[in-house]
Each structure stands twice: as C-alpha cells, then as structure tokens.
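Novice: There's a structure below that I have some questions on.
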Number of protein chains: 4
Amino acid sequence: MRSHTGRRRNEQARRAILDAAVDLLLRAELPDISIERIATEAGVGRQTIYRWWPSKGAVLAEAMAERAEAAAPLPDTGTLAEDLRLFLRATFRTVGTEPAAGLLRALLAEAQRDPHAAAALEAFTAGRREQLRTLLERAAARGEVAAEADLAVLVEQLYGVLWYRLSITREALDDGLADRLAGAAVAQAAGSRSAG
Amino acid sequence: MRSHTGRRRNEQARRAILDAAVDLLLRAELPDISIERIATEAGVGRQTIYRWWPSKGAVLAEAMAERAEAAAPLPDTGTLAEDLRLFLRATFRTVGTEPAAGLLRALLAEAQRDPHAAAALEAFTAGRREQLRTLLERAAARGEVAAEADLAVLVEQLYGVLWYRLSITREALDDGLADRLAGAAVAQAAGSRSAG
Amino acid sequence: MRSHTGRRRNEQARRAILDAAVDLLLRAELPDISIERIATEAGVGRQTIYRWWPSKGAVLAEAMAERAEAAAPLPDTGTLAEDLRLFLRATFRTVGTEPAAGLLRALLAEAQRDPHAAAALEAFTAGRREQLRTLLERAAARGEVAAEADLAVLVEQLYGVLWYRLSITREALDDGLADRLAGAAVAQAAGSRSAG
Amino acid sequence: MRSHTGRRRNEQARRAILDAAVDLLLRAELPDISIERIATEAGVGRQTIYRWWPSKGAVLAEAMAERAEAAAPLPDTGTLAEDLRLFLRATFRTVGTEPAAGLLRALLAEAQRDPHAAAALEAFTAGRREQLRTLLERAAARGEVAAEADLAVLVEQLYGVLWYRLSITREALDDGLADRLAGAAVAQAAGSRSAG
DNA sequence: CCCTAAACGAGACGGTACGTCCGGTCTTAAT
DNA sequence: ATTAAGACCGGACGTACCGTCTCGTTTAGGG
C-alpha cells in the first residue's frame, strides 16, 4: 500500500506563480492580470494554477498572506498614544507603498466578485484586527481606556481609514496621518471618561 | 457655423441603460455584469453605450450618482450626538441594504481597475464627506467640539467604517452600529478637551 | 397638382460620391470600401447615397458605366485579323490597367453577392459582347468566317480570357496576349472551313 | 528538446468547420457567410477557426480543394474532339451545378479582396489548367494540332468561358455548350494549318 | 414673400460581425 | 501523478459598418 505515488508538488512552480502574480501587479501594466498571463510569466502550465488554487483571487490572497507573514511585533512603550503611533506608522509604511498597496487594492477588487478572495481577505484582516485589539486591551489593562469605550468600533475606525484611503481617495498613508489618527483614537478612548 | 447637427441623444436609451445596469446588479446573477449584458437587457446597441460612456465603471458610477441625488437632508436637532445618530442611521439604511450596497461594492471593485470609475467614486464620496463635515462644523460652532479635534480625520473614520464593513467584513450596517459609532465620535470630538 | 416640388438632386454630390468610390478603389487601402467611407470621403451624408443607389454595388456599377461610356470605336481595317488585333489591344489597354482593372474586380466581387451589381455587370458586359459580335459579323459578311463557326462562343472565349486573367490568374493583359488571342480567334473562325 | 507537446489538433473540429462552410454555401441563406456563423454551425469556438486558417477565404478554399480532389480521370478516346467533349461535359457537370457553382462564385468574390483566397484559387485553377494542357498535348503528339497552335491561350479560352458564365452571365454550363466549345477548340487547333 | 416639399450634412439608433483575449477544461508526452 | 504545452468551446471585449431614423438647414417651385 503506497501512501503517495507520483510526482510531488513542485515548490518552484508555486514560487514562480506567486512571484509572477506580484510582479504583474507591480508593473501594473494592464488593468487586470489574467491567469493566462501569470502562467506565461511564471513559465508554468495553466492547469498547474487551477490544480492548486481555486481562483485568481486565491493566488493573490496567498501572495499577500505570504508577504504579510513578517508581521511587525506589537510595540510596547507603556503608553497607548505611543504604541498606537508606532503601530500605525509601521503599518502605513508597509501597506501604503507599492507593492503592498497595489496588491491590497487588487485583492479588494477581486474580493467583491470572488468568494475565495473575499474569504482570504476577511481572514487576513481579522488577524490584523486581532492584533490591534490586543494593543488596545493592553492599554485598557493599564487603565488608559474609559470603561465605556467601544474598542471593537475603534479598531474598525482605524483600519477603515486605512482602506478608505487605499481604495477610494488614494490619499497618502504617511506618518502625519498615523500621528493624527493615533491622537484621535486616544482622545476617543479616554474622552468618554469626561463624557461619562 | 452650426451649433449642433444630427439626431439628438435618446433619453429613453440612456434611462434603459442605467436601469439595466442597476437591475443586473440587483439580480446579482453573475459575478460581473458585462457591457454586453447591459446592452441586451436595455434593448440597446452596444455602440450606444460606448458612445456615451468611456467604460463600464462610468455607467455604474452614473447609475449610482443618480440614485444618490436624493441626498438625505442633514438632521439638525441641536446636539452633535443626536444629529450624528440620525445621519448615520439614515446613511446606513440606504447604503447598507440592496440595491445600493451591491452597487457600491461593484463600483469599488471597478474603481480599482478603471480610472473613470475611480474618478466618479472619488467625486461622489467627496460630496458625502463634505456633507458630514458640515454637520460636524455646525456642532463645533455650538461649542460641542474641542478645539484640537481633527474633524477631517473623524469624517474619514466614520465613512471608513462604512466602506470597511461593506467591502471587507460584510458585517451588517445597522442602527446599533450607527449608535455606537455616533457615541464614539462624540467621545472623540469632546474627549480631546480633557486631554488638552 | 404639382409635378415636382422641393430641392433638386445635387449633381455635385453625385459626382463626389462616384469619384470617392473610384478613388477608394484606386488607393485600395483596405480590403473593401464601405458606404461609410465613400460618404466621408465625398463629404456627403450617408443617406444621400442610400437615397439614390440601392447598394454599394450599384454605386460601383454606375462609376464603371460612366468611365466606360467613351467606348472605343470599332476598328474597320478590312481584315478580321487586324480588326480583332486592334480591338483587343485597345480593350486590354483600358481594362488591364488601373483604375479600370480594380474597378472591374471590385464589381465582379460585389456582383457575386449583390443582385444590383450583378444586373449592372451583366448589362455592361452584354453591350461589350454585342460590340465584339458586330465586329465578327462584319468579317463574316466579308466571307472571312466559316459557315459553321460559332461566333457566340467565340465572343465568350475572348472576353472569358480577359476576365479570367483579371480575376483569377492576374496575369498581364498586354499587346502580346491581344495578338495571340486575335490569331487564335482567326484560326478558329477560318479553321472550321477545312474541318467542314 | 521536445518535438511536440500539448493537445493535438482535433480532426473532427476541422471536418465540422469545412462541412459547415459548405453547408452554409449550399443553403445560400445569406449573401455572405460569416466566420461567426461557420463557427456556430460547426459547434466550434471561433478561435479554433482563427487558429488554423488565416481568413474566411482560406476556409472556403480548403473546402473547395477537398471536394475537387476527386479529379475526373482524363478521357483518352484517341481523338481530340471526343476527349475534349467528354472532359468539358464532366467538368461542367460538376462545376456548373450547386453546390460547386456557389462555392466557386463565393471563392471568386473572396479572392478579389483576400490574398489568401486569391492564392488558393490561383493554385487550384493552375492544377486544372495543367490537366487540360496535358489532354491537348496528347492530341498534339498524335498530330492533331497545328504546329503554330497556341495551346496556352486555348486553355485559358476554355476555362475563361466557364468562369465567365459562372460569375457574369450565369448562363447554363450544359452539355450543349461543352460540345460547341469542344468543336470550336478543335477548329482552332487544327484550323491554323490551313491558315499557315 | 411666404409656404410647402424635398434634398442636404450630420449624427444617433439597434444590430451583426470582426479579430483578440481570456476562462476553465481537456489531452498529450515527458518526467 | 504531476508537469509544460497547447487545443478545445464559450463568451466578452471594443471597433467598424450596416441600413434606418431624426435633426436643423438649404434650395426650389407655387400660391
């Protein structure tokens, strides 16, 4: 009884496909990148892509997830304001510049029509929200956050601005914005205290 | 020198095209609506679409802009909290349910690849931000907002949450969220005072 | 009861259309000339063409008929051989060179799909056959032709070679061919005598 | 280095395309048969036609060449008159009736605008001329033809009549014509003798 | 001198076909 | 069994024309 026969998955092909997808995004030559082009670029048969990924969105999602793996360690300076400032600056630097920005935009577009991409994007962003939530709760544990503060909403506000600028206004995601946003978040988290 | 010669644009055709585009979005039959299908659905030659719109995104954008024309009048209850609550509830009700939600999602996707759609979406959202900004500044004039509060960022936070849920998490945009968001915004606007 | 009211046909437009059709053929830029292009070239509304001609083939036919009006006078040297030689040389010179050659080819093509063009071509060629037939019968009256000679077939043979070269082999229609053909025709007309 | 990879050409698809082309010609439903219709009729993707043929004319040409492959064996009765009579009768019977007549007319029209069709038609007719030339030279070897007779021209005369009737006058290509033409050709070939 | 009528240039309309590109499936020979 | 190659059917793309249908303008008698 064989446990597995036949040729094994070719890791080089996998790499070539993901790299080709990102390369095409970077070059941003044409409005959209096709499976056809990815295969040609990667020097790979089209079927090899279909064998391992259910859709183009899934390829992009894997490419993105891979690049994002090196998640920045959460800063821990002791104050919410500083932690948030550092976290947002680091996030914006990665996500606000090419190639990541283009990748995310393409993935967002793809997610609107491809459920696989939607699921991948949701999973990815859920991890990010979790991370930010952790940062906020650490501050709450230190007593920097009012009891009534709605941390879940705050997380969505912060990432909301990021995606809003990425996909709609295309305004810069720079350090200045990170600082303003950190300030606003701190005001919101703390401010309810005086309102309470 | 003649000012205009030849047959005039057929308003019925224009209507049929925009309506067909929205109808297709509503039915959401296929992941993407093609110009071909819009033309067939509208009982119109394909060229008639190409004659008046530069791209599919431009058709969707015009369809959306038209539906959005009936902008809700800004509430004016005298308090920021209540104004915001009403405004967000009204906005979420329109935008968070079909057909508007699907239209916006499709337009967002299209805007990532089609500059015409991108421009149309940016113009549309700029108008919305302006409106919300007006609401906030009225409150500021009443002294409800701390001097240091960053209203521009606040506007982006609120709409950011809306689009984030629409396009990424697909969580409901309900009255509960509107209220929480209004609360958070008030806290942020007022809260800086204690931080100041 | 009025006999005719309203503006009269514009002769300049007619001329411009026929000239544009021939010009386009000459330039032979693209595989085929469209009504659209003729109209643009002629600086004329498309409807003006449709008003006066039933099809593109009819325009070409009229253009050709007009050019062919200046029919060469039948030579009359006293011998069949010489008459035929001169007639074929003159015909080949006109028809074997541009623009006439292209016009005839285009008309032939059009006649295969457009009944109007077919009728016009048949009428035109019938006139030509008549002419050649006259030449042959003059020789017969002089006793140069055997009684059994089939003049109708001979006419078709001569014009058959012309069109065969024009449309299929595209070999030159030069003086040499005219002379060989004249010789062959004389042999055929006279030759039956010995066979009789 | 591989000699050939990938799926092989589907012979059934090739057959279906050629058959559909001929079928459409037969039915002669529309003045012109489009690639679109051939593909639909054949149950084949449009690209499959473009992959293997450079133009519509090339498809028609291949369809015709295939039908013509079963070339009638040259008759060999011992006399030019009889050989020619039989050859022309057989040729006219094939070519003068549908579907062949329509096919040839369509191909002739196509050849006036499509170089591929022109080349195919020239190649096809060259073969036919060769055949007829052989028949004539066999008679010459038997001494039935005058030394000065211009066999090349005679071949063009005979096929010229065929195409002239096919494409211009559309008169019948019947046995009677074959016989008259054979008689005329014999007169021409032999007649030069008395003229010499 | 207007009135009616037709022809004019322009150009929008619903369509058909073009030739290209891509999607997702399949077949082939090689590994 | 997987791979690169590549043919297959299907179908959308954006363009070119088709023949028809308005438009407003121009030109010509007839009243």
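Starting from 1 in every chain, residues are counted up; chains themselves are A, B, ... following the order of the structure tokens, and ligands are numbered from 1 as listed.
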Would you tabulate, counting only C-alpha atoms (C1' of nucleotides), all residues of chain F that have an atom at most 9 Å from an atom of chain D, showing the closest pair of atoms and their distance in Å to one decimal, sorted by chain then ascending number, as a tab-separated table?

Specialist:
residue	atom	partner	partner_atom	distance
F:DA4	C1'	D:Thr5	CA	7.9
F:DA5	C1'	D:Gly6	CA	4.4
F:DG6	C1'	D:Gly6	CA	4.3
F:DA7	C1'	D:Arg7	CA	5.3
F:DC8	C1'	D:Thr48	CA	7.6
F:DC9	C1'	D:Gly45	CA	5.0
F:DG10	C1'	D:Gly45	CA	6.6

Novice: So that I can see what lies close to DT25 (chain F), please list as a list in words the residues with an atom at most 12 Å from it, counting only C-alpha atoms (C1' of nucleotides) and leaving out residues fewer than 4 positions away in the same chain.

Specialist: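 The neighbour list is Met1, Arg2, Ser3, His4, Thr5 and Gly6 of chain B; DA7, DC8, DG9 and DA10 of chain E.
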
Novice: Write to file, as a short mmCIF file (atom, residue, chain, number, x, y, z; two decimals), in the first residue's frame, the residues of the selection just made, with N, CA, C and O atoms (P, O5', C5', C4', C3', O3' and C1' of nucleotides).

Specialist:
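Final output, saved to selection-v2.cif:
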data_model
loop_
_atom_site.label_atom_id
_atom_site.label_comp_id
_atom_site.auth_asym_id
_atom_site.auth_seq_id
_atom_site.Cartn_x
_atom_site.Cartn_y
_atom_site.Cartn_z
N MET B 1 -21.91 78.71 -39.22
CA MET B 1 -21.44 77.59 -38.38
C MET B 1 -22.58 77.06 -37.51
O MET B 1 -23.14 77.77 -36.71
N ARG B 2 -22.85 75.79 -37.66
CA ARG B 2 -23.98 75.22 -36.93
C ARG B 2 -23.58 74.83 -35.52
O ARG B 2 -22.47 74.38 -35.28
N SER B 3 -24.54 74.97 -34.64
CA SER B 3 -24.23 74.63 -33.25
C SER B 3 -24.33 73.12 -33.02
O SER B 3 -23.56 72.54 -32.30
N HIS B 4 -25.30 72.51 -33.65
CA HIS B 4 -25.45 71.06 -33.46
C HIS B 4 -26.24 70.48 -34.62
O HIS B 4 -27.32 70.95 -34.93
N THR B 5 -25.68 69.48 -35.23
CA THR B 5 -26.41 68.84 -36.31
C THR B 5 -26.65 67.40 -35.94
O THR B 5 -26.07 66.88 -35.00
N GLY B 6 -27.49 66.74 -36.69
CA GLY B 6 -27.71 65.32 -36.46
C GLY B 6 -28.74 65.05 -35.38
O GLY B 6 -29.14 65.94 -34.63
P DA E 7 -36.03 64.13 -52.99
"O5'" DA E 7 -34.62 64.78 -52.63
"C5'" DA E 7 -34.08 65.77 -53.48
"C4'" DA E 7 -32.97 66.46 -52.74
"C3'" DA E 7 -31.94 65.51 -52.15
"O3'" DA E 7 -30.66 65.85 -52.66
"C1'" DA E 7 -32.67 67.08 -50.52
P DC E 8 -29.42 65.01 -52.30
"O5'" DC E 8 -28.82 65.79 -51.07
"C5'" DC E 8 -28.26 67.09 -51.29
"C4'" DC E 8 -27.94 67.72 -49.97
"C3'" DC E 8 -27.05 66.87 -49.07
"O3'" DC E 8 -25.70 67.20 -49.31
"C1'" DC E 8 -28.78 68.01 -47.86
P DG E 9 -24.60 66.28 -48.71
"O5'" DG E 9 -24.42 66.84 -47.23
"C5'" DG E 9 -23.60 67.99 -47.04
"C4'" DG E 9 -23.42 68.22 -45.56
"C3'" DG E 9 -22.58 67.14 -44.90
"O3'" DG E 9 -21.68 67.77 -44.01
"C1'" DG E 9 -24.75 67.22 -43.89
P DA E 10 -20.82 67.14 -42.96
"O5'" DA E 10 -21.81 66.69 -41.79
"C5'" DA E 10 -22.24 67.67 -40.86
"C4'" DA E 10 -23.09 67.01 -39.80
"C3'" DA E 10 -22.39 65.88 -39.04
"O3'" DA E 10 -22.16 66.36 -37.73
"C1'" DA E 10 -24.66 65.36 -39.59
#

Novice: If you count only C-alpha atoms (C1' of nucleotides), which residues fall within 8 Å of region 118-135 of chain D, apart from same-chain ones fewer than 5 positions away, as a count of residues only?

Specialist: 21

Novice: Could you superimpose chain A onto chain D using all C-alpha atoms, paired one by one in order, and tell me the resulting RMSD in Å?

Specialist: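 The optimal C-alpha superposition leaves an RMSD of 0.4 Å.
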
Novice: Please, what distance in Å, to one decimal, runs between CA of Val186 (chain A) and CA of Leu173 (chain A)?

Specialist: 19.0 Å

Novice: Listing only residues of chain D within 8 Å of chain C, what is the closest atom pair and its distance in Å (to one decimal) for each, using only C-alpha atoms, sorted by chain and residue number ascending, as a Markdown table?

Specialist:
| residue | atom | partner | partner_atom | distance |
| --- | --- | --- | --- | --- |
| D:Pro31 | CA | C:Arg113 | CA | 5.3 |
| D:Asp32 | CA | C:Arg113 | CA | 7.0 |
| D:Arg105 | CA | C:Gln112 | CA | 6.3 |
| D:Ala106 | CA | C:Gln112 | CA | 6.8 |
| D:Leu108 | CA | C:Ala109 | CA | 7.0 |
| D:Ala109 | CA | C:Ala109 | CA | 4.0 |
| D:Glu110 | CA | C:Ala109 | CA | 7.0 |
| D:Ala111 | CA | C:Ile168 | CA | 7.9 |
| D:Gln112 | CA | C:Ala109 | CA | 6.1 |
| D:Arg113 | CA | C:Pro31 | CA | 5.2 |
| D:Asp114 | CA | C:Pro31 | CA | 7.0 |
| D:Ala118 | CA | C:Ile168 | CA | 7.2 |
| D:Leu121 | CA | C:Ile168 | CA | 7.0 |
| D:Glu122 | CA | C:Thr169 | CA | 5.8 |
| D:Ala149 | CA | C:Ala184 | CA | 7.4 |
| D:Asp150 | CA | C:Ala184 | CA | 7.0 |
| D:Val153 | CA | C:Leu181 | CA | 6.9 |
| D:Leu154 | CA | C:Ala184 | CA | 7.8 |
| D:Glu156 | CA | C:Val161 | CA | 5.7 |
| D:Gln157 | CA | C:Gln157 | CA | 4.8 |
| D:Leu158 | CA | C:Gln157 | CA | 6.7 |
| D:Tyr159 | CA | C:Gly160 | CA | 7.6 |
| D:Gly160 | CA | C:Gly160 | CA | 3.9 |
| D:Val161 | CA | C:Gly160 | CA | 4.8 |
| D:Leu162 | CA | C:Gly160 | CA | 7.7 |
| D:Trp163 | CA | C:Tyr164 | CA | 6.9 |
| D:Tyr164 | CA | C:Gly160 | CA | 5.2 |
| D:Ser167 | CA | C:Gln112 | CA | 6.8 |
| D:Ile168 | CA | C:Glu122 | CA | 6.0 |
| D:Thr169 | CA | C:Glu122 | CA | 5.8 |
| D:Arg180 | CA | C:Asp150 | CA | 7.5 |
| D:Leu181 | CA | C:Val153 | CA | 6.9 |
| D:Ala184 | CA | C:Gln188 | CA | 6.3 |
| D:Ala185 | CA | C:Gln188 | CA | 7.2 |
| D:Ala187 | CA | C:Ser192 | CA | 4.9 |
| D:Gln188 | CA | C:Gln188 | CA | 3.7 |
| D:Ala189 | CA | C:Gln188 | CA | 7.4 |
| D:Ala190 | CA | C:Gly191 | CA | 6.6 |
| D:Gly191 | CA | C:Gly191 | CA | 3.3 |
| D:Ser192 | CA | C:Ala187 | CA | 4.8 |
| D:Arg193 | CA | C:Gly191 | CA | 7.7 |
| D:Ser194 | CA | C:Gly191 | CA | 6.7 |
| D:Ala195 | CA | C:Ala187 | CA | 6.7 |
